[in-house]
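Novice: Here you go, one structure.
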Amino acid sequence: MPADARRAKLHSISDYYSAVQLRADRWSGLRQVADSLAKSDPDGKQATKLKHKAQAYFEALEPIETYWAFPGVAAFDHMRRELDHKNWDDLAFSVRRVVRALTTGAYRRRHVPLARDDSEAEEMEDESTLPIEARALARPYFEVLIVDSLGEQQERWLRSSLQRIRRTEDPFICEPVLVPSLEDALIAILFNHNIQAVVVRPGLTLKSRNTLPILTRYLRPVDDEGVDALEPSAYASELCRLIAKARPELDTYLITDRSVEEVAGMDLGLCRRVFYNQEDFLELHLNILRGVNARFKTPFFTALKEYSKQPTGVFHAMPISRGKSISRSHWIQDLGAFYGPNIFLAETSATSGGLDSLLEPHGPIKEAQELAARAFGARQTFFATNGTSTCNKIVVQALVSPGDIVLVDRDCHKSHHYGLVLSGAEVIYLDSYPLNEYSMYGAVPLKEIKRTLLELKEAGKIDRVRMLLLTNCTFDGIVYNVERVMEECLAIKPDLIFLWDEAWFAFARFGPTYRLRTAMNAAGVLRERLRSAAHAKKYETQQSELKDANTETLLKTRLVPPPSARVRVYATQSTHKTLTSLRQGSMIHVHDQDFKGEVEQTFHEAYMTHTSTSPNYQIIASLDVGRRQVELEGFEFVQRQVEAAMSMRRAIASHPLLQKYFKLLTAGDMIPDEFRESGVQSYYDPEQGWVDIWQCWAHDEFVLDATRVTLAVGGTGWDGDTFKTQILMDKYGIQINKTSRNTVLFMTNIGTTRSSVAYLIEVLVEIAKELDDLLDEASKMERLSFERRVKTLMEDPPPLPDFSRFHDAFRPNDGFGTPEGDMRAAFFLAYDEENCDYLALDGSLKTEMQKGRELVSASFIIPYPPGFPILVPGQVISKEILEFMRALDVNEIHGYRPDLGLRVFTDEALAKHAGITRPKAAE
Ligand SMILES: Cc1ncc(COP(=O)(O)O)c(C=O)c1O
């Protein structure tokens, strides 16, 4: 049977989103066939059929296995020969071993013998069941990619040379993977998550011979890089540059025979070292180990562990430290038993000595923050031990003074609203596009941001505009085109500061596609671009084209910022939400060209304002270790997370029973067409399979974060909140944390496994089956009532209201009509009860509005869901907002007292305030 026909009999590749999953499934397929072969009659018909199938598996695995060190090309060929020679018992044994080692990770810890007569061939224990202490003691394993086009003999010599220089005292186990070309190297680093270092040797070629689409799609990001036009002498340096772009955390070593002067003139990305002697393997080996160790080391965690071992007498205000208040207790022993001793031995504070201080770091905390800055691509990073809520307030306070204008998305987290009140900013709320059907908001279109900036420019107020504050990604997974937003805004206001709330996006840096849309990456790219001669030329050309352009033209044009624009970017991240950190562990990342000159001092003051003088050191240690993890396995974990989310999307979208009651929301459902230039509707289509997400992530105005899966559940007759609490939580123990009127959001994270996804699908199918049974047995009336409920939930959602406006009493009376408002004045005006009144929603409020009275909210009103204010202090209550509030059927509305009504300002208070603040108006 021809190879193509044999391969066609296996599962189609288009069934797979992930090459890693494909690899795992191919190996377990081969194991099943090899087991059956071992049991079959060697001369029978069945054996011939099975042999063909096994051959197909080998052929399918061959192009995949070249990128992995285990089992390795030699072992792979050996197994293949076992098949050809009909040594089926041996084959079954070896394949079983490989599959087991791949699933348990045993190959990472020791040599895995594949031959049956090998003396070491006793049954291997399941590594995952080893005690955690034993696993912590094992030497970590990684693979080093060597890029060189070598003949068989040379390759054998290189491998044995590398083997010889390994030493028992090495802190890590390191295995080589050899590939011949630049393209193969790129495939390898994006496919094989074990690779931690790359050695680029002078003999490399350009093209890969691999034609497997699931692997060659890894080359999509370099389609526009023009590698085909390169001279062979440029392959090595170009590869170094591309590696830095695709996986900046990897260490790259260039081995060259070119002159020092020539090499000095090349862009080598983040290349760690250049070697001139090709054969100095020991030096190379030691450098590779040192490079990995630089990511492995955790200065603060290590210092804390050391501290906890020291005997100390505690005469300090922390009875819990060293567990003393627990061990002597008759009543709280269970606390000690539950947490174990280490956490109490490590309880300390800066003032008890020995360790660094978060408020004035000079030692291991400072070092840990510097490593985090490197990992996340920032110029400076600051740890916070009370969440991103605090980080947001710190950044706003550090940069915004009373009277500065700040543009902010209205559906941002409440910490921003409070931060803006504290800073005394003049606030302009930007409306996100609404998704009325699902009672949720999308994100703010760039056109709206530009329009507001141009309006302010027209009014002569652009100098007062200080900051643009946006949430990326949003809770529901809408992701901005960060680079484009910043570029176009800088074209209008060249020193605008950006605060990107990445509370949910810390993981994004470690997925190459996701990284494109992170604040720190975009800041780095922009900074470089602004310096380039090509950019200066582009800017000049556009300036002459746009000489007399009107607002509409400027809104339609992709604006180019002046080369003198300043890159001033901040990102706040809840490390604890998407990566490994104890609760409240967050980071502020900074890429601000003017930080040192202008901000450092005010940043310090703001940090002092909001940070506890007793920060929790366990949180800081977990941030330090979380950083180590992302630098060494962030890529793998994010890759797995996306895979799990994609298989969940596919399973829900293609299950016929689930279609009856649920609808998986796709990018097409959550992002209007005008913002999806790529036209990509959905990441998975039952007919076409997987869509290549690179295209939309590189260009579209908004994209959907695939790891957040929104499911419309209105079809079940339950609203989002009931579905969450009474069905998922109470019945099946599944926790989720966001719902809308008719949807629930399933968030995957770096710990999500294929099994947890499978469980969720099982549960959804069970719910759907139960509903089927229920409806089958329902009376006519019951069915009618179900249908009405579904209709109300899915077809009659109350339209989401826009931000109305600040009342004139809180706006400048300068005749320009720009929308900024002094929210702080309104907030504090409400401190005096005399200034406020309570009006019942359905009673006096409505009547007063009908009479034409302008009613102004005195408080933040935050219904949950959706969880952001529909009214802020000083905001005029519109008819739409009132209708939305009346239609809201949620239990929690923060700031609203159903017994009293809505808190509004009295007309007298508004008039008096306007008189104070608006003398011109009073004249
Ligand atoms: C967008 C956004 N920003 C900030 C925060 C606050 O983060 P933390 O819980 O770390 O204080 C949240 C919390 O949910 C959030 O959703």
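Every chain in the structure tokens takes a letter, A first, then B, and so on in the order presented; its residues are numbered from 1, and the ligands are numbered from 1 following the presented order.
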Within 8 Å of ligand 1, counting only C-alpha atoms and all ligand atoms: which residues, as a PyMOL selection string?
Specialist: chain A and resi 386-392+412-415+471-475+501-504+572-577+583-586
Novice: How about saving the chosen residues, N, CA and C atoms kept, as a PDB file, in the first residue's frame?
Specialist:
ATOM      1  N   ASN A 386      -0.784  43.478  47.204  1.00  0.00           N
ATOM      2  CA  ASN A 386      -2.247  43.561  47.360  1.00  0.00           C
ATOM      3  C   ASN A 386      -2.965  43.814  46.041  1.00  0.00           C
ATOM      4  N   GLY A 387      -2.593  42.996  45.095  1.00  0.00           N
ATOM      5  CA  GLY A 387      -3.370  42.882  43.873  1.00  0.00           C
ATOM      6  C   GLY A 387      -3.221  44.030  42.894  1.00  0.00           C
ATOM      7  N   THR A 388      -3.795  43.813  41.738  1.00  0.00           N
ATOM      8  CA  THR A 388      -3.760  44.818  40.682  1.00  0.00           C
ATOM      9  C   THR A 388      -4.643  46.009  41.034  1.00  0.00           C
ATOM     10  N   SER A 389      -5.601  45.796  41.932  1.00  0.00           N
ATOM     11  CA  SER A 389      -6.415  46.928  42.409  1.00  0.00           C
ATOM     12  C   SER A 389      -5.486  48.009  42.915  1.00  0.00           C
ATOM     13  N   THR A 390      -4.466  47.603  43.670  1.00  0.00           N
ATOM     14  CA  THR A 390      -3.513  48.566  44.217  1.00  0.00           C
ATOM     15  C   THR A 390      -2.561  49.070  43.132  1.00  0.00           C
ATOM     16  N   CYS A 391      -2.096  48.172  42.276  1.00  0.00           N
ATOM     17  CA  CYS A 391      -1.180  48.591  41.198  1.00  0.00           C
ATOM     18  C   CYS A 391      -1.807  49.711  40.379  1.00  0.00           C
ATOM     19  N   ASN A 392      -3.083  49.557  40.064  1.00  0.00           N
ATOM     20  CA  ASN A 392      -3.744  50.577  39.240  1.00  0.00           C
ATOM     21  C   ASN A 392      -3.742  51.934  39.938  1.00  0.00           C
ATOM     22  N   CYS A 412     -14.080  49.572  32.838  1.00  0.00           N
ATOM     23  CA  CYS A 412     -12.828  49.106  33.451  1.00  0.00           C
ATOM     24  C   CYS A 412     -13.086  48.698  34.901  1.00  0.00           C
ATOM     25  N   HIS A 413     -12.087  48.109  35.518  1.00  0.00           N
ATOM     26  CA  HIS A 413     -12.228  47.634  36.887  1.00  0.00           C
ATOM     27  C   HIS A 413     -12.423  48.794  37.856  1.00  0.00           C
ATOM     28  N   LYS A 414     -13.130  48.538  38.951  1.00  0.00           N
ATOM     29  CA  LYS A 414     -13.487  49.656  39.835  1.00  0.00           C
ATOM     30  C   LYS A 414     -12.272  50.345  40.451  1.00  0.00           C
ATOM     31  N   SER A 415     -11.143  49.635  40.541  1.00  0.00           N
ATOM     32  CA  SER A 415      -9.958  50.271  41.120  1.00  0.00           C
ATOM     33  C   SER A 415      -9.567  51.529  40.332  1.00  0.00           C
ATOM     34  N   THR A 471      -8.402  48.391  29.287  1.00  0.00           N
ATOM     35  CA  THR A 471      -8.326  47.043  29.858  1.00  0.00           C
ATOM     36  C   THR A 471      -8.018  46.046  28.746  1.00  0.00           C
ATOM     37  N   ASN A 472      -6.909  45.343  28.886  1.00  0.00           N
ATOM     38  CA  ASN A 472      -6.500  44.412  27.822  1.00  0.00           C
ATOM     39  C   ASN A 472      -5.892  43.152  28.456  1.00  0.00           C
ATOM     40  N   CYS A 473      -6.523  41.989  28.269  1.00  0.00           N
ATOM     41  CA  CYS A 473      -7.772  41.845  27.576  1.00  0.00           C
ATOM     42  C   CYS A 473      -8.924  42.117  28.539  1.00  0.00           C
ATOM     43  N   THR A 474     -10.121  42.282  27.986  1.00  0.00           N
ATOM     44  CA  THR A 474     -11.272  42.488  28.857  1.00  0.00           C
ATOM     45  C   THR A 474     -11.616  41.169  29.545  1.00  0.00           C
ATOM     46  N   PHE A 475     -12.455  41.264  30.532  1.00  0.00           N
ATOM     47  CA  PHE A 475     -12.866  40.066  31.273  1.00  0.00           C
ATOM     48  C   PHE A 475     -13.376  38.992  30.294  1.00  0.00           C
ATOM     49  N   ASP A 501      -4.382  47.839  31.576  1.00  0.00           N
ATOM     50  CA  ASP A 501      -4.721  46.948  32.685  1.00  0.00           C
ATOM     51  C   ASP A 501      -4.698  45.521  32.133  1.00  0.00           C
ATOM     52  N   GLU A 502      -3.613  44.818  32.429  1.00  0.00           N
ATOM     53  CA  GLU A 502      -3.460  43.437  31.948  1.00  0.00           C
ATOM     54  C   GLU A 502      -3.689  42.464  33.092  1.00  0.00           C
ATOM     55  N   ALA A 503      -4.644  42.813  33.962  1.00  0.00           N
ATOM     56  CA  ALA A 503      -4.929  41.938  35.108  1.00  0.00           C
ATOM     57  C   ALA A 503      -5.088  40.483  34.641  1.00  0.00           C
ATOM     58  N   TRP A 504      -5.687  40.312  33.460  1.00  0.00           N
ATOM     59  CA  TRP A 504      -5.982  38.954  32.976  1.00  0.00           C
ATOM     60  C   TRP A 504      -5.004  38.490  31.898  1.00  0.00           C
ATOM     61  N   THR A 572      -0.297  46.719  34.273  1.00  0.00           N
ATOM     62  CA  THR A 572      -0.497  46.121  35.604  1.00  0.00           C
ATOM     63  C   THR A 572      -1.041  44.715  35.401  1.00  0.00           C
ATOM     64  N   GLN A 573      -0.490  43.779  36.125  1.00  0.00           N
ATOM     65  CA  GLN A 573      -0.885  42.375  35.906  1.00  0.00           C
ATOM     66  C   GLN A 573      -1.159  41.659  37.227  1.00  0.00           C
ATOM     67  N   SER A 574      -2.276  40.961  37.291  1.00  0.00           N
ATOM     68  CA  SER A 574      -2.533  40.086  38.442  1.00  0.00           C
ATOM     69  C   SER A 574      -1.836  38.765  38.147  1.00  0.00           C
ATOM     70  N   THR A 575      -0.594  38.670  38.558  1.00  0.00           N
ATOM     71  CA  THR A 575       0.144  37.423  38.335  1.00  0.00           C
ATOM     72  C   THR A 575      -0.671  36.251  38.895  1.00  0.00           C
ATOM     73  N   HIS A 576      -1.320  36.514  40.019  1.00  0.00           N
ATOM     74  CA  HIS A 576      -2.071  35.441  40.699  1.00  0.00           C
ATOM     75  C   HIS A 576      -3.287  34.976  39.903  1.00  0.00           C
ATOM     76  N   LYS A 577      -3.733  35.761  38.939  1.00  0.00           N
ATOM     77  CA  LYS A 577      -4.921  35.329  38.186  1.00  0.00           C
ATOM     78  C   LYS A 577      -4.564  34.342  37.076  1.00  0.00           C
ATOM     79  N   ARG A 583      -2.413  34.400  46.038  1.00  0.00           N
ATOM     80  CA  ARG A 583      -3.431  35.428  45.836  1.00  0.00           C
ATOM     81  C   ARG A 583      -2.873  36.803  46.178  1.00  0.00           C
ATOM     82  N   GLN A 584      -3.249  37.789  45.389  1.00  0.00           N
ATOM     83  CA  GLN A 584      -2.835  39.189  45.545  1.00  0.00           C
ATOM     84  C   GLN A 584      -1.439  39.498  45.006  1.00  0.00           C
ATOM     85  N   GLY A 585      -0.732  38.490  44.507  1.00  0.00           N
ATOM     86  CA  GLY A 585       0.587  38.759  43.927  1.00  0.00           C
ATOM     87  C   GLY A 585       0.403  39.411  42.556  1.00  0.00           C
ATOM     88  N   SER A 586       0.850  40.632  42.416  1.00  0.00           N
ATOM     89  CA  SER A 586       0.686  41.355  41.150  1.00  0.00           C
ATOM     90  C   SER A 586       1.984  42.062  40.786  1.00  0.00           C
TER      91      SER A 586
END
Novice: Which residues are near segment 841-851 of chain A? Cut-off 9 Å, only C-alpha atoms, ignore same chain within fewer than 2 positions. Put them as a PyMOL selection string.
Specialist: chain A and resi 838-839+853-855+877-879+882+885-886+898+901-902
Novice: Have a look at A:Val904, A:Ala134, A:Val177, A:Leu526 and name the one nearest to Leu871 of chain A; count only C-alpha atoms.
Specialist: A:Val904
Novice: Using only C-alpha atoms, which residue out of A:Leu900, A:Leu728, A:Ala368, A:Ala24 lies closest to Asp624 of chain A?
Specialist: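 Counting only C-alpha atoms, the residue closest to Asp624 of chain A is A:Ala368.
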Novice: List the spatial neighbours of Leu335 of chain A as a list of chain:residue names - criterion: any atom at most 10 Å away, only C-alpha atoms, same-chain residues fewer than 5 positions off excluded.
Specialist: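 Final neighbour list, sorted by chain and number: A:Gly323, A:Ile326, A:Ser327, A:Gly340, A:Pro341.
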Novice: Output the selection as a compact mmCIF listing (two decimals), in the first residue's frame - N, CA and C atoms for each residue.
Specialist:
# COMPACT_ATOMS: atom_id res chain seq x y z
N GLY A 323 6.04 29.84 64.05
CA GLY A 323 4.95 28.98 64.55
C GLY A 323 4.78 28.99 66.05
N ILE A 326 1.42 29.06 67.62
CA ILE A 326 0.60 27.89 67.28
C ILE A 326 1.06 26.67 68.09
N SER A 327 2.38 26.46 68.11
CA SER A 327 2.85 25.25 68.78
C SER A 327 2.52 25.27 70.27
N GLY A 340 1.66 23.07 57.60
CA GLY A 340 3.03 22.57 57.76
C GLY A 340 3.91 23.67 58.32
N PRO A 341 5.12 23.30 58.77
CA PRO A 341 5.94 24.27 59.51
C PRO A 341 6.57 25.37 58.65
Novice: Given only C-alpha atoms as the basis, pick out the residue of A:Asp334, A:Glu458, A:Glu487, A:Asp463 nearest to Gly817 of chain A.
Specialist: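 Closest candidate: A:Glu458.
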Novice: Which residue is closest to Met646 of chain A? Choose from A:Tyr17, A:Phe827, A:Tyr418, A:Trp694 and count only C-alpha atoms.
Specialist: A:Tyr17
Novice: Tell me, which residues of segment 583-744 of chain A carry DSSP alpha helix (DSSP H), written as an MDAnalysis selection string?
Specialist: chainID A and resid 600:610 617:654 656:661 667:670 694:699 720:722 730:732
Novice: Based on the backbone DSSP call, show me all residues of segment 281-478 of chain A assigned strand (DSSP E), as a PDB file with N, CA, C and O atoms, in the first residue's frame.
Specialist:
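Output below, filename result.pdb:
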ATOM      1  N   GLN A 380      11.405  48.425  33.923  1.00  0.00           N
ATOM      2  CA  GLN A 380      11.361  48.268  35.387  1.00  0.00           C
ATOM      3  C   GLN A 380      10.129  47.430  35.735  1.00  0.00           C
ATOM      4  O   GLN A 380       9.106  47.532  35.051  1.00  0.00           O
ATOM      5  N   THR A 381      10.261  46.655  36.799  1.00  0.00           N
ATOM      6  CA  THR A 381       9.095  45.926  37.296  1.00  0.00           C
ATOM      7  C   THR A 381       9.013  46.116  38.808  1.00  0.00           C
ATOM      8  O   THR A 381      10.038  46.120  39.500  1.00  0.00           O
ATOM      9  N   PHE A 382       7.786  46.281  39.304  1.00  0.00           N
ATOM     10  CA  PHE A 382       7.577  46.432  40.746  1.00  0.00           C
ATOM     11  C   PHE A 382       6.574  45.376  41.202  1.00  0.00           C
ATOM     12  O   PHE A 382       5.544  45.180  40.552  1.00  0.00           O
ATOM     13  N   PHE A 383       6.897  44.721  42.301  1.00  0.00           N
ATOM     14  CA  PHE A 383       5.973  43.720  42.846  1.00  0.00           C
ATOM     15  C   PHE A 383       4.942  44.425  43.724  1.00  0.00           C
ATOM     16  O   PHE A 383       5.239  45.445  44.360  1.00  0.00           O
ATOM     17  N   ALA A 384       3.761  43.846  43.798  1.00  0.00           N
ATOM     18  CA  ALA A 384       2.749  44.362  44.720  1.00  0.00           C
ATOM     19  C   ALA A 384       2.119  43.180  45.436  1.00  0.00           C
ATOM     20  O   ALA A 384       1.919  42.120  44.824  1.00  0.00           O
ATOM     21  N   ILE A 405      -6.279  65.501  32.222  1.00  0.00           N
ATOM     22  CA  ILE A 405      -7.388  64.762  31.593  1.00  0.00           C
ATOM     23  C   ILE A 405      -6.961  63.312  31.353  1.00  0.00           C
ATOM     24  O   ILE A 405      -5.872  63.063  30.848  1.00  0.00           O
ATOM     25  N   VAL A 406      -7.828  62.390  31.758  1.00  0.00           N
ATOM     26  CA  VAL A 406      -7.558  60.966  31.546  1.00  0.00           C
ATOM     27  C   VAL A 406      -8.714  60.349  30.767  1.00  0.00           C
ATOM     28  O   VAL A 406      -9.875  60.537  31.124  1.00  0.00           O
ATOM     29  N   LEU A 407      -8.378  59.632  29.701  1.00  0.00           N
ATOM     30  CA  LEU A 407      -9.400  58.910  28.929  1.00  0.00           C
ATOM     31  C   LEU A 407      -9.412  57.462  29.417  1.00  0.00           C
ATOM     32  O   LEU A 407      -8.347  56.833  29.496  1.00  0.00           O
ATOM     33  N   VAL A 408     -10.596  56.969  29.717  1.00  0.00           N
ATOM     34  CA  VAL A 408     -10.646  55.631  30.297  1.00  0.00           C
ATOM     35  C   VAL A 408     -11.873  54.875  29.810  1.00  0.00           C
ATOM     36  O   VAL A 408     -12.924  55.481  29.595  1.00  0.00           O
ATOM     37  N   ASP A 409     -11.716  53.554  29.612  1.00  0.00           N
ATOM     38  CA  ASP A 409     -12.895  52.783  29.200  1.00  0.00           C
ATOM     39  C   ASP A 409     -13.821  52.637  30.396  1.00  0.00           C
ATOM     40  O   ASP A 409     -13.389  52.337  31.494  1.00  0.00           O
ATOM     41  N   GLU A 426      -9.505  64.841  35.600  1.00  0.00           N
ATOM     42  CA  GLU A 426     -10.713  65.176  34.845  1.00  0.00           C
ATOM     43  C   GLU A 426     -10.938  63.968  33.939  1.00  0.00           C
ATOM     44  O   GLU A 426     -10.095  63.664  33.082  1.00  0.00           O
ATOM     45  N   VAL A 427     -12.056  63.302  34.158  1.00  0.00           N
ATOM     46  CA  VAL A 427     -12.235  61.994  33.520  1.00  0.00           C
ATOM     47  C   VAL A 427     -13.084  62.091  32.256  1.00  0.00           C
ATOM     48  O   VAL A 427     -14.110  62.771  32.241  1.00  0.00           O
ATOM     49  N   ILE A 428     -12.622  61.391  31.231  1.00  0.00           N
ATOM     50  CA  ILE A 428     -13.476  61.211  30.046  1.00  0.00           C
ATOM     51  C   ILE A 428     -13.709  59.719  29.890  1.00  0.00           C
ATOM     52  O   ILE A 428     -12.769  58.949  29.685  1.00  0.00           O
ATOM     53  N   TYR A 429     -14.965  59.330  30.035  1.00  0.00           N
ATOM     54  CA  TYR A 429     -15.288  57.910  29.880  1.00  0.00           C
ATOM     55  C   TYR A 429     -15.523  57.574  28.414  1.00  0.00           C
ATOM     56  O   TYR A 429     -16.247  58.283  27.714  1.00  0.00           O
ATOM     57  N   LEU A 430     -14.879  56.505  27.984  1.00  0.00           N
ATOM     58  CA  LEU A 430     -15.034  56.060  26.597  1.00  0.00           C
ATOM     59  C   LEU A 430     -15.967  54.850  26.587  1.00  0.00           C
ATOM     60  O   LEU A 430     -15.827  53.953  27.427  1.00  0.00           O
ATOM     61  N   PRO A 434     -21.305  47.882  22.486  1.00  0.00           N
ATOM     62  CA  PRO A 434     -22.134  46.974  23.288  1.00  0.00           C
ATOM     63  C   PRO A 434     -22.433  45.668  22.572  1.00  0.00           C
ATOM     64  O   PRO A 434     -22.491  45.633  21.343  1.00  0.00           O
ATOM     65  N   LEU A 435     -22.587  44.615  23.345  1.00  0.00           N
ATOM     66  CA  LEU A 435     -23.079  43.356  22.795  1.00  0.00           C
ATOM     67  C   LEU A 435     -24.418  43.106  23.473  1.00  0.00           C
ATOM     68  O   LEU A 435     -24.534  42.314  24.418  1.00  0.00           O
ATOM     69  N   MET A 440     -23.309  42.253  27.449  1.00  0.00           N
ATOM     70  CA  MET A 440     -21.918  42.525  27.831  1.00  0.00           C
ATOM     71  C   MET A 440     -21.330  43.556  26.868  1.00  0.00           C
ATOM     72  O   MET A 440     -21.875  43.798  25.796  1.00  0.00           O
ATOM     73  N   TYR A 441     -20.232  44.148  27.311  1.00  0.00           N
ATOM     74  CA  TYR A 441     -19.566  45.130  26.462  1.00  0.00           C
ATOM     75  C   TYR A 441     -18.374  44.497  25.768  1.00  0.00           C
ATOM     76  O   TYR A 441     -17.796  43.538  26.279  1.00  0.00           O
ATOM     77  N   VAL A 465      -4.148  66.521  28.329  1.00  0.00           N
ATOM     78  CA  VAL A 465      -4.455  65.088  28.265  1.00  0.00           C
ATOM     79  C   VAL A 465      -3.207  64.324  28.695  1.00  0.00           C
ATOM     80  O   VAL A 465      -2.133  64.486  28.112  1.00  0.00           O
ATOM     81  N   ARG A 466      -3.347  63.516  29.720  1.00  0.00           N
ATOM     82  CA  ARG A 466      -2.172  62.875  30.287  1.00  0.00           C
ATOM     83  C   ARG A 466      -2.125  61.380  29.981  1.00  0.00           C
ATOM     84  O   ARG A 466      -1.093  60.822  29.693  1.00  0.00           O
ATOM     85  N   MET A 467      -3.286  60.745  30.072  1.00  0.00           N
ATOM     86  CA  MET A 467      -3.221  59.274  30.050  1.00  0.00           C
ATOM     87  C   MET A 467      -4.411  58.646  29.334  1.00  0.00           C
ATOM     88  O   MET A 467      -5.519  59.174  29.390  1.00  0.00           O
ATOM     89  N   LEU A 468      -4.116  57.526  28.665  1.00  0.00           N
ATOM     90  CA  LEU A 468      -5.189  56.678  28.134  1.00  0.00           C
ATOM     91  C   LEU A 468      -5.124  55.366  28.899  1.00  0.00           C
ATOM     92  O   LEU A 468      -4.062  54.742  28.987  1.00  0.00           O
ATOM     93  N   LEU A 469      -6.263  54.983  29.447  1.00  0.00           N
ATOM     94  CA  LEU A 469      -6.280  53.805  30.307  1.00  0.00           C
ATOM     95  C   LEU A 469      -7.262  52.783  29.736  1.00  0.00           C
ATOM     96  O   LEU A 469      -8.449  53.070  29.628  1.00  0.00           O
ATOM     97  N   LEU A 470      -6.751  51.611  29.359  1.00  0.00           N
ATOM     98  CA  LEU A 470      -7.631  50.604  28.757  1.00  0.00           C
ATOM     99  C   LEU A 470      -7.388  49.226  29.378  1.00  0.00           C
ATOM    100  O   LEU A 470      -6.297  48.949  29.894  1.00  0.00           O
ATOM    101  N   THR A 471      -8.402  48.391  29.287  1.00  0.00           N
ATOM    102  CA  THR A 471      -8.326  47.043  29.858  1.00  0.00           C
ATOM    103  C   THR A 471      -8.018  46.046  28.746  1.00  0.00           C
ATOM    104  O   THR A 471      -8.783  45.935  27.789  1.00  0.00           O
ATOM    105  N   ILE A 478     -11.835  40.163  24.994  1.00  0.00           N
ATOM    106  CA  ILE A 478     -11.599  40.995  23.806  1.00  0.00           C
ATOM    107  C   ILE A 478     -10.217  41.630  23.960  1.00  0.00           C
ATOM    108  O   ILE A 478      -9.905  42.214  24.998  1.00  0.00           O
TER     109      ILE A 478
END
Novice: Show which residues sit within 7 Å of segment 148-165 of chain A, as a list in words. Count only C-alpha atoms, and ignore same-chain residues fewer than 3 positions away.
Specialist: Val179, Pro180, Ser181, Val200, Arg201, Pro202, Gly203, Leu204, Thr205, Phe281 and Leu282 of chain A
Novice: Dump as a tab-separated table the rows for residues of segment 640-728 of chain A within 9 Å of segment 778-788 of chain A: closest atom pair and distance in Å with one decimal, only C-alpha atoms counted, ordered by chain and rising residue number.
Specialist:
residue	atom	partner	partner_atom	distance
A:Gly715	CA	A:Glu787	CA	8.7
A:Thr716	CA	A:Phe786	CA	8.3
A:Gly717	CA	A:Phe786	CA	6.0
Novice: Just the selected residues (N, CA and C atoms), exported as a short mmCIF file (atom, residue, chain, number, x, y, z; two decimals), in the first residue's frame, please.
Specialist:
data_model
loop_
_atom_site.label_atom_id
_atom_site.label_comp_id
_atom_site.auth_asym_id
_atom_site.auth_seq_id
_atom_site.Cartn_x
_atom_site.Cartn_y
_atom_site.Cartn_z
N GLY A 715 -30.61 29.31 26.35
CA GLY A 715 -31.39 28.24 25.76
C GLY A 715 -31.80 27.16 26.74
N THR A 716 -31.19 27.15 27.92
CA THR A 716 -31.56 26.16 28.93
C THR A 716 -32.70 26.67 29.80
N GLY A 717 -33.05 27.96 29.60
CA GLY A 717 -34.10 28.55 30.43
C GLY A 717 -33.57 29.12 31.73
#
Novice: Write out as a list in words the residues lying within 12 Å of Pro361 of chain A, counting only C-alpha atoms and excluding same-chain residues fewer than 2 positions away.
Specialist: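 Listed by chain and then number, they are Phe300, Ala350, Leu355, Asp356, Ser357, Leu358, Leu359, Gly363, Pro364, Ile365, Lys366, Glu367, Ala368, Gln369, Glu370, Phe382, Phe383, His604 and Ile620 of chain A.
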Novice: Please provide the set of residues having any atom within 9 Å of Lys393 of chain A, restricted to only C-alpha atoms, with same-chain residues fewer than 4 positions apart removed, written as JSON, numbers by chain.
Specialist: {"A": [388, 389, 397, 398, 415, 416, 418, 419, 420, 422, 423, 606, 607, 610]}
Novice: Which distance in Å separates atom CA of Gln695 of chain A and atom CA of Glu183 of chain A, to one decimal?
Specialist: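 Atom-to-atom, atom CA of Gln695 of chain A and atom CA of Glu183 of chain A are spaced 19.2 Å apart.
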Novice: Compare A:Leu91, A:Asn481, A:Arg81, A:Phe191 by their minimum atom-to-atom distance to Glu636 of chain A, counting only C-alpha atoms, and give me the closest one.
Specialist: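 Closest candidate: A:Phe191.
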Novice: Residues at most 9 Å from segment 208-213 of chain A, counting only C-alpha atoms, excluding those fewer than 6 positions away in the same chain, as a list of chain:residue names?
Specialist: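 Everything that qualifies: A:Ile13, A:Pro63, A:Ile64, A:Pro180, A:Ser181, A:Leu182, A:Glu183, A:Asp184, A:Ala185, A:Ile187.
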